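Structure file input38.txt (compact mmCIF, C-alpha atoms) follows.
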# COMPACT_ATOMS: atom_id res chain seq x y z
CA GLU A 128 0.00 0.00 0.00
CA LYS A 129 1.41 3.37 -0.96
CA ALA A 130 0.38 5.03 2.26
CA ASP A 131 2.79 2.78 4.13
CA ALA A 132 5.75 4.71 2.79
CA ASP A 133 5.31 7.69 5.08
CA LYS A 134 4.39 5.78 8.21
CA PRO A 135 6.96 5.34 10.99
CA SER A 136 8.21 1.79 11.31
CA ASN A 137 8.06 0.03 14.67
CA VAL A 138 10.38 -2.78 15.70
CA GLU A 139 10.15 -5.31 18.50
CA ALA A 140 12.99 -7.71 19.32
CA ASN A 141 14.88 -9.40 22.12
CA GLN A 142 18.21 -7.71 21.58
CA PHE A 143 19.49 -4.71 19.66
CA THR A 144 23.01 -3.69 18.62
CA LEU A 145 23.95 -0.39 17.02
CA ASP A 146 27.32 0.38 15.45
CA ASP A 147 27.08 4.13 15.05
CA VAL A 148 30.26 4.42 13.00
CA LYS A 149 29.08 2.01 10.30
CA GLN A 150 25.43 2.96 10.91
CA VAL A 151 24.43 -0.70 11.20
CA LYS A 152 21.53 -1.73 13.47
CA ILE A 153 21.01 -5.41 14.25
CA PHE A 154 17.86 -6.75 15.92
CA THR A 155 17.89 -10.34 17.08
CA GLY A 156 15.33 -12.67 18.62
CA LYS A 157 11.67 -12.83 17.43
CA VAL A 158 11.91 -9.58 15.48
CA ILE A 159 8.61 -7.99 14.39
CA LEU A 160 8.95 -4.98 12.08
CA THR A 161 5.75 -3.09 11.29
CA ARG A 162 5.24 -0.07 9.06
CA GLY A 163 1.69 0.97 8.37
CA THR A 164 0.07 -2.23 7.07
CA LEU A 165 3.42 -3.89 6.30
CA ILE A 166 4.35 -6.53 8.89
CA MET A 167 7.63 -8.43 8.67
CA LYS A 168 8.73 -11.18 11.05
CA ALA A 169 12.16 -12.78 11.26
CA ASP A 170 14.73 -14.08 13.69
CA LYS A 171 17.36 -11.48 12.85
CA VAL A 172 17.10 -8.15 11.05
CA VAL A 173 20.08 -6.11 9.94
CA VAL A 174 19.26 -2.51 9.05
CA THR A 175 21.84 -0.39 7.29
CA THR A 176 21.35 3.30 6.49
CA ASP A 177 22.85 4.76 3.35
CA PRO A 178 24.31 8.27 3.50
CA SER A 179 21.16 9.85 2.14
CA GLY A 180 19.19 8.37 5.01
CA TYR A 181 17.36 5.53 3.22
CA GLN A 182 17.28 2.28 5.13
CA PHE A 183 17.97 -1.18 3.78
CA ALA A 184 16.74 -4.10 5.89
CA THR A 185 17.79 -7.72 5.54
CA LEU A 186 15.68 -10.27 7.39
CA TYR A 187 17.16 -13.65 8.25
CA ALA A 188 14.93 -16.55 9.24
CA ALA A 189 15.75 -18.72 12.21
CA PRO A 190 17.56 -21.89 11.06
CA GLY A 191 14.91 -24.08 9.49
CA GLY A 192 12.30 -21.33 9.80
CA LEU A 193 11.13 -18.68 7.35
CA ALA A 194 11.01 -14.94 7.48
CA THR A 195 7.57 -13.67 6.56
CA PHE A 196 6.03 -10.43 5.37
CA ARG A 197 2.43 -9.33 4.90
CA GLN A 198 1.05 -6.14 3.48
CA LYS A 199 -2.27 -4.74 2.45
CA ARG A 200 -2.73 -4.08 -1.27
CA ASP A 201 -4.40 -1.05 -2.77
CA GLY A 202 -7.32 -1.39 -5.12
CA GLY A 203 -9.74 -3.25 -2.89
CA PRO A 204 -11.19 -3.36 0.59
CA ASP A 205 -9.49 -6.50 1.87
CA LEU A 206 -6.67 -7.34 -0.51
CA TRP A 207 -3.49 -8.65 1.07
CA ILE A 208 -0.21 -9.98 -0.11
CA GLU A 209 1.93 -12.35 1.95
CA GLY A 210 5.41 -13.71 1.33
CA GLU A 211 7.94 -15.87 3.10
CA ALA A 212 11.50 -16.98 2.43
CA GLU A 213 14.72 -17.85 4.19
CA ARG A 214 16.01 -14.35 3.57
CA ILE A 215 14.09 -11.18 2.73
CA GLU A 216 15.66 -7.92 1.66
CA TYR A 217 13.61 -4.72 1.84
CA ASP A 218 14.91 -1.53 0.26
CA ASP A 219 13.32 1.56 1.72
CA LYS A 220 14.31 3.75 -1.23
CA THR A 221 12.77 1.68 -4.01
CA GLU A 222 10.29 -0.13 -1.72
CA ILE A 223 11.17 -3.43 -3.36
CA VAL A 224 10.93 -6.62 -1.31
CA LYS A 225 13.23 -9.45 -2.42
CA LEU A 226 12.67 -12.99 -1.20
CA PHE A 227 15.52 -15.47 -1.42
CA SER A 228 15.45 -19.28 -1.34
CA LYS A 229 12.29 -21.26 -0.62
CA ALA A 230 10.37 -18.12 -1.50
CA GLN A 231 6.63 -18.14 -1.69
CA MET A 232 4.24 -15.27 -2.39
CA ARG A 233 0.50 -15.38 -1.87
CA ARG A 234 -2.14 -12.85 -2.81
CA LEU A 235 -5.22 -12.99 -0.65
CA GLN A 236 -8.72 -11.62 -0.73
CA GLY A 237 -9.58 -11.49 2.93
CA THR A 238 -8.39 -14.89 4.05
CA LYS A 239 -8.93 -16.67 0.70
CA VAL A 240 -5.71 -17.15 -1.25
CA THR A 241 -6.27 -15.95 -4.80
CA ASP A 242 -2.90 -16.86 -6.30
CA VAL A 243 0.33 -18.43 -5.11
CA VAL A 244 3.81 -18.25 -6.57
CA ASN A 245 6.80 -20.35 -5.52
CA GLY A 246 10.38 -19.97 -6.63
CA GLN A 247 13.95 -19.54 -5.47
CA PHE A 248 13.85 -15.77 -5.87
CA ILE A 249 10.87 -13.41 -5.94
CA SER A 250 11.12 -9.67 -6.16
CA TYR A 251 8.03 -7.60 -5.41
CA ASP A 252 7.75 -3.88 -6.00
CA SER A 253 5.20 -2.88 -3.39
CA ARG A 254 4.79 0.55 -4.96
CA VAL A 255 3.44 -0.71 -8.28
CA GLU A 256 2.57 -4.18 -6.96
CA PHE A 257 4.50 -5.98 -9.65
CA TYR A 258 6.43 -9.12 -8.83
CA SER A 259 8.81 -11.25 -10.85
CA VAL A 260 9.83 -14.77 -10.03
CA ASN A 261 13.07 -16.51 -10.95
CA ASN A 262 14.24 -20.00 -10.23
CA ASP A 263 17.64 -19.03 -8.96
CA VAL A 264 18.74 -17.09 -5.92
CA SER A 265 20.91 -14.88 -8.10
CA GLY A 266 17.80 -13.07 -9.29
CA THR A 267 17.92 -14.23 -12.91
CA SER A 268 16.57 -17.51 -14.15
CA GLN A 269 19.16 -20.17 -14.88
CA PRO A 270 18.18 -22.93 -17.26
CA GLY A 271 17.50 -26.16 -15.45
CA ALA A 272 17.72 -24.63 -12.03
CA GLY A 273 14.25 -25.66 -10.98
CA ARG A 274 10.70 -24.88 -11.85
CA ILE A 275 8.53 -21.98 -10.91
CA LYS A 276 5.10 -22.93 -9.71
CA ALA A 277 2.27 -20.46 -9.92
CA VAL A 278 -1.39 -21.00 -9.22
CA ILE A 279 -3.56 -18.16 -10.39
CA GLN A 280 -7.21 -18.31 -9.39
CA PRO A 281 -9.88 -17.05 -11.75
CA LYS A 282 -11.37 -13.76 -10.62
CA SER A 283 -14.62 -14.59 -8.88
CA LYS A 284 -17.23 -12.10 -10.06
CA MET B 173 77.93 -17.83 113.67
CA LYS B 174 78.67 -14.36 112.43
CA ASN B 175 79.56 -15.26 108.90
CA LEU B 176 76.36 -17.36 108.77
CA ARG B 177 74.37 -14.15 109.31
CA SER B 178 76.46 -12.21 106.74
CA THR B 179 76.06 -14.91 104.08
CA PHE B 180 72.33 -14.93 104.89
CA ARG B 181 72.26 -11.12 104.54
CA LEU B 182 74.20 -11.29 101.26
CA ARG B 183 71.91 -13.90 99.83
CA PHE B 184 68.86 -11.95 100.96
CA MET B 185 70.20 -8.76 99.36
CA LEU B 186 70.82 -10.56 96.07
CA LEU B 187 67.33 -12.00 96.09
CA LEU B 188 65.81 -8.63 96.83
CA ALA B 189 67.74 -6.98 93.96
CA ALA B 190 66.56 -9.68 91.58
CA CYS B 191 62.94 -9.16 92.59
CA VAL B 192 63.17 -5.42 92.18
CA ALA B 193 64.78 -5.80 88.73
CA LEU B 194 62.02 -8.21 87.79
CA THR B 195 59.16 -5.91 88.78
CA LEU B 196 60.73 -2.87 87.09
CA GLY B 197 61.37 -4.93 83.94
CA SER B 198 57.79 -6.11 83.72
CA PHE B 199 56.52 -2.57 84.20
CA TRP B 200 58.75 -1.44 81.37
CA ILE B 201 57.63 -4.23 79.03
CA MET B 202 53.97 -3.52 79.76
CA GLU B 203 54.53 0.13 78.96
CA VAL B 204 56.15 -0.71 75.64
CA MET B 205 53.35 -3.12 74.78
CA ARG B 206 50.64 -0.57 75.59
CA LYS B 207 52.26 2.06 73.39
CA ASN B 208 52.62 -0.39 70.48
CA THR B 209 49.04 -1.65 70.54
CA GLU B 210 47.80 1.91 70.58
CA GLN B 211 49.40 2.53 67.15
CA LEU B 212 48.38 -0.86 65.70
CA LEU B 213 44.74 -0.75 66.67
CA PRO B 214 43.41 2.78 66.07
CA SER B 215 40.16 3.42 67.78
CA ALA B 216 37.05 2.08 65.86
CA PRO B 217 37.52 2.73 62.04
CA ARG B 218 35.67 5.88 61.08
CA VAL B 219 32.58 5.28 58.91
CA ALA B 220 30.91 8.65 59.04
CA PRO B 221 31.93 11.06 56.29
CA ASP B 222 34.98 13.03 57.20
CA TYR B 223 34.64 15.98 54.76
CA TYR B 224 32.40 17.37 52.05
CA VAL B 225 32.83 19.94 49.29
CA GLU B 226 30.02 22.16 48.02
CA ASN B 227 29.49 23.34 44.40
CA PHE B 228 32.60 21.53 43.27
CA ASN B 229 34.11 20.88 39.84
CA TYR B 230 36.55 17.96 39.60
CA VAL B 231 38.51 17.70 36.30
CA GLN B 232 40.32 14.47 35.44
CA LEU B 233 43.33 14.96 33.20
CA ALA B 234 44.60 12.43 30.70
CA LEU B 235 48.23 11.29 30.61
CA ASP B 236 49.04 14.04 28.14
CA GLY B 237 47.67 16.59 30.57
CA LYS B 238 44.57 17.38 28.51
CA PRO B 239 41.22 17.26 30.39
CA ARG B 240 39.39 13.98 29.83
CA TYR B 241 36.20 14.55 31.78
CA ASN B 242 34.87 16.67 34.57
CA ILE B 243 32.44 15.91 37.39
CA SER B 244 30.69 18.87 38.92
CA GLY B 245 27.85 18.90 41.40
CA GLN B 246 26.12 20.59 44.23
CA ARG B 247 27.77 18.56 47.03
CA LEU B 248 30.52 15.91 47.26
CA THR B 249 30.83 13.89 50.47
CA HIS B 250 33.83 11.67 51.19
CA ASN B 251 33.34 8.32 52.98
CA PRO B 252 36.66 7.24 54.58
CA ALA B 253 35.46 3.66 55.17
CA ASP B 254 35.69 2.67 51.51
CA ASP B 255 37.25 5.89 50.20
CA SER B 256 34.20 6.56 48.06
CA PHE B 257 32.32 9.78 47.31
CA ASP B 258 28.58 10.55 47.35
CA VAL B 259 27.55 13.35 45.02
CA ASN B 260 24.32 15.34 44.92
CA LEU B 261 23.07 16.53 41.52
CA PRO B 262 26.19 15.41 39.62
CA VAL B 263 26.92 16.65 36.08
CA ILE B 264 29.55 14.61 34.24
CA ARG B 265 30.92 15.89 30.95
CA SER B 266 33.39 14.07 28.68
CA LEU B 267 35.90 16.64 27.42
CA ASP B 268 37.87 14.38 25.10
CA LYS B 269 38.34 16.28 21.82
CA LEU B 270 38.45 13.11 19.72
CA ARG B 271 34.97 11.96 20.60
CA PRO B 272 31.61 13.73 20.52
CA PRO B 273 31.09 15.30 23.99
CA MET B 274 28.62 13.48 26.22
CA THR B 275 26.87 15.03 29.26
CA LEU B 276 25.35 12.94 32.07
CA ARG B 277 23.07 14.15 34.89
CA SER B 278 21.25 12.40 37.74
CA ASN B 279 19.89 12.98 41.22
CA THR B 280 22.73 11.31 43.05
CA ALA B 281 25.90 9.39 42.24
CA LYS B 282 28.43 7.25 44.10
CA ILE B 283 32.04 7.28 42.95
CA THR B 284 34.13 4.27 43.98
CA ASP B 285 37.41 2.50 43.11
CA ASN B 286 39.30 5.82 43.09
CA ASN B 287 37.12 7.46 40.44
CA SER B 288 37.09 4.55 38.02
CA LYS B 289 33.45 3.63 38.67
CA VAL B 290 30.51 6.04 38.92
CA ASP B 291 27.03 4.71 39.79
CA MET B 292 24.31 7.22 38.99
CA PHE B 293 20.85 6.95 40.57
CA GLY B 294 17.51 8.61 39.95
CA ASN B 295 16.39 10.34 36.77
CA VAL B 296 19.63 9.71 34.90
CA ASN B 297 19.91 11.63 31.61
CA ALA B 298 22.72 11.26 29.09
CA ASP B 299 22.97 13.57 26.08
CA ARG B 300 25.32 13.63 23.14
CA LEU B 301 24.91 16.24 20.42
CA GLY B 302 24.77 14.99 16.82
CA THR B 303 27.93 15.43 14.81
CA PRO B 304 28.39 14.79 11.07
CA THR B 305 29.84 11.37 11.91
CA SER B 306 27.58 10.29 14.77
CA SER B 307 23.90 10.62 15.56
CA LYS B 308 22.24 12.71 18.28
CA PHE B 309 21.87 10.53 21.36
CA HIS B 310 19.63 10.93 24.40
CA LEU B 311 19.24 8.37 27.16
CA GLN B 312 16.89 8.22 30.14
CA THR B 313 16.98 5.62 32.91
CA GLU B 314 16.76 5.20 36.68
CA TYR B 315 20.22 3.71 37.16
CA LEU B 316 23.43 3.94 35.14
CA ARG B 317 26.98 2.71 35.78
CA LEU B 318 29.64 4.84 34.10
CA LEU B 319 33.28 3.80 33.68
CA PRO B 320 34.71 7.20 32.76
CA ASP B 321 38.20 5.97 31.96
CA ASP B 322 36.94 3.49 29.35
CA ASP B 323 33.97 5.71 28.31
CA ILE B 324 31.55 2.83 28.88
CA MET B 325 28.01 3.08 30.26
CA THR B 326 25.97 0.11 31.40
CA SER B 327 22.60 -0.29 33.07
CA ASP B 328 20.47 -3.24 34.08
CA LYS B 329 17.30 -1.19 34.35
CA ALA B 330 14.78 -0.06 31.74
CA VAL B 331 16.28 2.53 29.40
CA ALA B 332 14.68 4.88 26.90
CA ILE B 333 17.00 6.02 24.10
CA THR B 334 16.46 8.50 21.30
CA ILE B 335 18.88 8.34 18.38
CA ASP B 336 18.21 11.04 15.79
CA GLN B 337 14.54 10.39 15.02
CA SER B 338 14.23 6.84 16.30
CA GLN B 339 13.12 6.05 19.83
CA MET B 340 14.28 2.79 21.44
CA ASN B 341 13.24 1.24 24.76
CA GLY B 342 14.81 -1.81 26.31
CA VAL B 343 15.91 -3.37 29.59
CA GLY B 344 19.63 -3.61 30.15
CA MET B 345 22.08 -1.60 28.12
CA TYR B 346 25.77 -1.44 27.21
CA ALA B 347 27.09 1.63 25.45
CA ASN B 348 30.70 2.28 24.49
CA ASN B 349 31.20 5.90 23.49
CA ALA B 350 34.75 5.16 22.30
CA THR B 351 33.70 2.62 19.65
CA GLN B 352 30.23 4.23 19.29
CA GLU B 353 28.59 0.92 19.95
CA LEU B 354 25.24 0.44 21.74
CA ARG B 355 23.57 -2.75 22.84
CA LEU B 356 20.13 -3.23 24.38
CA LEU B 357 19.90 -6.56 26.17
CA GLY B 358 16.23 -7.20 26.79
CA ASN B 359 12.77 -6.71 25.27
CA VAL B 360 13.54 -4.04 22.75
CA ARG B 361 10.81 -1.72 21.36
CA GLY B 362 11.85 0.68 18.62
CA THR B 363 10.07 3.33 16.56
CA TYR B 364 11.67 4.77 13.44
CA ARG B 365 10.46 7.92 11.79
CA ALA B 366 11.47 8.07 8.11
CA ALA B 367 14.60 10.19 8.36
CA ILE B 368 13.76 12.23 5.28
CA PRO B 369 10.30 13.40 4.14
CA ARG B 370 9.05 11.03 1.43
CA LYS B 371 8.47 12.46 -2.04
CA THR B 372 5.23 10.62 -2.86
CA LYS B 373 5.35 9.56 -6.47
Final structure tokens representation of the file:
Amino acid sequence: EKADADKPSNVEANQFTLDDVKQVKIFTGKVILTRGTLIMKADKVVVTTDPSGYQFATLYAAPGGLATFRQKRDGGPDLWIEGEAERIEYDDKTEIVKLFSKAQMRRLQGTKVTDVVNGQFISYDSRVEFYSVNNDVSGTSQPGAGRIKAVIQPKSK
Amino acid sequence: MKNLRSTFRLRFMLLLAACVALTLGSFWIMEVMRKNTEQLLPSAPRVAPDYYVENFNYVQLALDGKPRYNISGQRLTHNPADDSFDVNLPVIRSLDKLRPPMTLRSNTAKITDNNSKVDMFGNVNADRLGTPTSSKFHLQTEYLRLLPDDDIMTSDKAVAITIDQSQMNGVGMYANNATQELRLLGNVRGTYRAAIPRKTK
């Protein structure tokens, strides 16, 4: 949702470390990062700030677990998008969410999942709500590196 | 018969002299002992404060003679028992040119281990102005331990920290002003305002 961009982001975690020289903030232990309707959960979040003040967050899942994110979509009363992966990168400047390895993205209407996408790498531009899926963590599809599975539900009128 | 009496008198005189020497000797030894114990065991060690200074300003100099930090306050009381100081309304300022200056205030403080440990109690505030290389820092807590020589602050109580625009709360804190490192040790709550106003597309 576009309105999320201007909202302050809240973070909850068990521990927090700040290295003021390198401007690196690390949250560890059941981290919940919320910003407007965007909710991200992970075991460890590393936030770096670039000189112009934009923040870049990398979410690491607990070993064996998945980092998840959920955000409301524009263009409808109850449209949501959810994603999970072993590592999620969120760039505050471009508002692009990148999901790495065992990535899955679901679009929901209320609680009903309308379409699902699985792949090794999914990038989702939350500003224009466009996402691209590749079968390799590098971000570009490699031949033979695995299949992309997508289930797209017909629009129920 | 006569010399019997004289030998008796001689022996008696010798005995008498010995006894007198003995009593005088013991008196002398007792006197020496009493004087010694008096120095060894001073009267009960003094616990009550022995002096206080009002509206003081104590400046600690570094090895190169430059001021490292100063502690000023409304009243400084010395406790001889553990050679510690109690301070009312302390203000501690780091004066080291290399690092951004930090100012600490609290209701009371206790300085121990010949000024290498300062425990601050009650409404503790720490402030560091923002510099191009480091962010503006404000801290609020009920208890803070400061190690001025290593520029380290720790606390095991709840702390509220403001860094530039973000506000962080946690329980337990370790902050090293030398390496500009900060750690919150327990249930962390943070709020980030977007540092720069967003240009909505």
Could you list, as a compact mmCIF listing (two decimals) with C-alpha atoms, keeping the file's coordinate frame, the residues of chain B having an atom within 12 Å of chain A when counting only C-alpha atoms?
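What ended up in part.txt:
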# COMPACT_ATOMS: atom_id res chain seq x y z
CA ARG B 271 34.97 11.96 20.60
CA PRO B 272 31.61 13.73 20.52
CA GLY B 302 24.77 14.99 16.82
CA THR B 303 27.93 15.43 14.81
CA PRO B 304 28.39 14.79 11.07
CA THR B 305 29.84 11.37 11.91
CA SER B 306 27.58 10.29 14.77
CA SER B 307 23.90 10.62 15.56
CA LYS B 308 22.24 12.71 18.28
CA PHE B 309 21.87 10.53 21.36
CA ILE B 333 17.00 6.02 24.10
CA ILE B 335 18.88 8.34 18.38
CA ASP B 336 18.21 11.04 15.79
CA GLN B 337 14.54 10.39 15.02
CA SER B 338 14.23 6.84 16.30
CA GLN B 339 13.12 6.05 19.83
CA MET B 340 14.28 2.79 21.44
CA ASN B 341 13.24 1.24 24.76
CA GLY B 342 14.81 -1.81 26.31
CA VAL B 343 15.91 -3.37 29.59
CA GLY B 344 19.63 -3.61 30.15
CA MET B 345 22.08 -1.60 28.12
CA TYR B 346 25.77 -1.44 27.21
CA ALA B 347 27.09 1.63 25.45
CA ASN B 348 30.70 2.28 24.49
CA ASN B 349 31.20 5.90 23.49
CA ALA B 350 34.75 5.16 22.30
CA THR B 351 33.70 2.62 19.65
CA GLN B 352 30.23 4.23 19.29
CA GLU B 353 28.59 0.92 19.95
CA LEU B 354 25.24 0.44 21.74
CA ARG B 355 23.57 -2.75 22.84
CA LEU B 356 20.13 -3.23 24.38
CA LEU B 357 19.90 -6.56 26.17
CA GLY B 358 16.23 -7.20 26.79
CA ASN B 359 12.77 -6.71 25.27
CA VAL B 360 13.54 -4.04 22.75
CA ARG B 361 10.81 -1.72 21.36
CA GLY B 362 11.85 0.68 18.62
CA THR B 363 10.07 3.33 16.56
CA TYR B 364 11.67 4.77 13.44
CA ARG B 365 10.46 7.92 11.79
CA ALA B 366 11.47 8.07 8.11
CA ALA B 367 14.60 10.19 8.36
CA ILE B 368 13.76 12.23 5.28
CA PRO B 369 10.30 13.40 4.14
CA ARG B 370 9.05 11.03 1.43
CA LYS B 371 8.47 12.46 -2.04
CA THR B 372 5.23 10.62 -2.86
CA LYS B 373 5.35 9.56 -6.47
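The spacing separating CA of Leu276 in chain B from CA of Pro262 in chain B amounts to 8.0 Å.
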**Q.** Nearby residues, (-0.8, -13.2, -5.4) file frame, 8 Å, only C-alpha atoms, as number ranges by chain
**A.** A: 208-209, 232-235, 240-244, 279
| said: Quick check, in Å to one decimal: how far apart do CA of Asp222 in chain B and CA of Thr249 in chain B lie? | reply: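 We find that CA of Asp222 in chain B and CA of Thr249 in chain B lie 8.0 Å from each other.
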Separating CA of Asp285 in chain B from CA of Asp322 in chain B, to the nearest tenth of an Å, is a gap of 13.8 Å
query = Of the residues B:Gln232, B:Leu311, B:Lys238, B:Val225, which is the one nearest to Val259 in chain B, using only C-alpha atoms?
reply =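 Checking each candidate against Val259 in chain B, we get B:Val225 as the closest.
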B:Leu267, B:Leu235, B:Met325, B:Ile243 ranked by distance to Asn287 in chain B, top pick (using all atoms listed in the file)
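Counting all atoms listed in the file, the residue closest to Asn287 in chain B is B:Ile243.
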Determine, counting only C-alpha atoms, which protein, DNA and RNA residues have an atom within 10 Å of an atom of Asn297 in chain B; residues of the same chain fewer than 6 positions away are not included. Present the result as a list of chain:residue names.
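Residues meeting the cut-off are B:Val263, B:Thr275, B:Leu276, B:Arg277, B:Ser278, B:Asn279, B:His310, B:Leu311, B:Gln312, B:Thr313, B:Glu314, B:Tyr315, B:Leu316, B:Ala332, B:Ile333.
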Practice prompt. For Arg214 in chain A, please output as a PyMOL selection string all residues within 12 Å (counting all atoms listed in the file; exclusion window: fewer than 5 positions along the same chain).
Written response: chain A and resi 167-173+184-196+224-231+247-250+264
How would the residues just chosen look if you wrote them out with C-alpha atoms as an mmCIF file, keeping the file's coordinate frame?
data_model
loop_
_atom_site.group_PDB
_atom_site.id
_atom_site.type_symbol
_atom_site.label_atom_id
_atom_site.label_comp_id
_atom_site.auth_asym_id
_atom_site.auth_seq_id
_atom_site.Cartn_x
_atom_site.Cartn_y
_atom_site.Cartn_z
ATOM 1 C CA MET A 167 7.630 -8.430 8.670
ATOM 2 C CA LYS A 168 8.730 -11.180 11.050
ATOM 3 C CA ALA A 169 12.160 -12.780 11.260
ATOM 4 C CA ASP A 170 14.730 -14.080 13.690
ATOM 5 C CA LYS A 171 17.360 -11.480 12.850
ATOM 6 C CA VAL A 172 17.100 -8.150 11.050
ATOM 7 C CA VAL A 173 20.080 -6.110 9.940
ATOM 8 C CA ALA A 184 16.740 -4.100 5.890
ATOM 9 C CA THR A 185 17.790 -7.720 5.540
ATOM 10 C CA LEU A 186 15.680 -10.270 7.390
ATOM 11 C CA TYR A 187 17.160 -13.650 8.250
ATOM 12 C CA ALA A 188 14.930 -16.550 9.240
ATOM 13 C CA ALA A 189 15.750 -18.720 12.210
ATOM 14 C CA PRO A 190 17.560 -21.890 11.060
ATOM 15 C CA GLY A 191 14.910 -24.080 9.490
ATOM 16 C CA GLY A 192 12.300 -21.330 9.800
ATOM 17 C CA LEU A 193 11.130 -18.680 7.350
ATOM 18 C CA ALA A 194 11.010 -14.940 7.480
ATOM 19 C CA THR A 195 7.570 -13.670 6.560
ATOM 20 C CA PHE A 196 6.030 -10.430 5.370
ATOM 21 C CA VAL A 224 10.930 -6.620 -1.310
ATOM 22 C CA LYS A 225 13.230 -9.450 -2.420
ATOM 23 C CA LEU A 226 12.670 -12.990 -1.200
ATOM 24 C CA PHE A 227 15.520 -15.470 -1.420
ATOM 25 C CA SER A 228 15.450 -19.280 -1.340
ATOM 26 C CA LYS A 229 12.290 -21.260 -0.620
ATOM 27 C CA ALA A 230 10.370 -18.120 -1.500
ATOM 28 C CA GLN A 231 6.630 -18.140 -1.690
ATOM 29 C CA GLN A 247 13.950 -19.540 -5.470
ATOM 30 C CA PHE A 248 13.850 -15.770 -5.870
ATOM 31 C CA ILE A 249 10.870 -13.410 -5.940
ATOM 32 C CA SER A 250 11.120 -9.670 -6.160
ATOM 33 C CA VAL A 264 18.740 -17.090 -5.920
#
Please define a box with edges along x, y and z of the file around all atoms of range 325-329 of chain B given in the file, extend it by 3 Å on each side, and return its centre and edge lengths in Å to one decimal, as lines of an AutoDock Vina configuration file.
center_x = 22.7
center_y = -0.1
center_z = 32.3
size_x = 16.7
size_y = 12.3
size_z = 10.1
> Which one is closest to Arg200 in chain A: A:Gly246, A:Val174, A:Glu256, A:Ile215? Count only C-alpha atoms.
Replying inline: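 Among the listed residues, A:Glu256 lies closest to Arg200 in chain A.
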Shortest contact to Glu216 in chain A, candidates A:Asn245, A:Gln198, A:Thr238, A:Thr175, atoms counted all atoms listed in the file, goes to A:Thr175
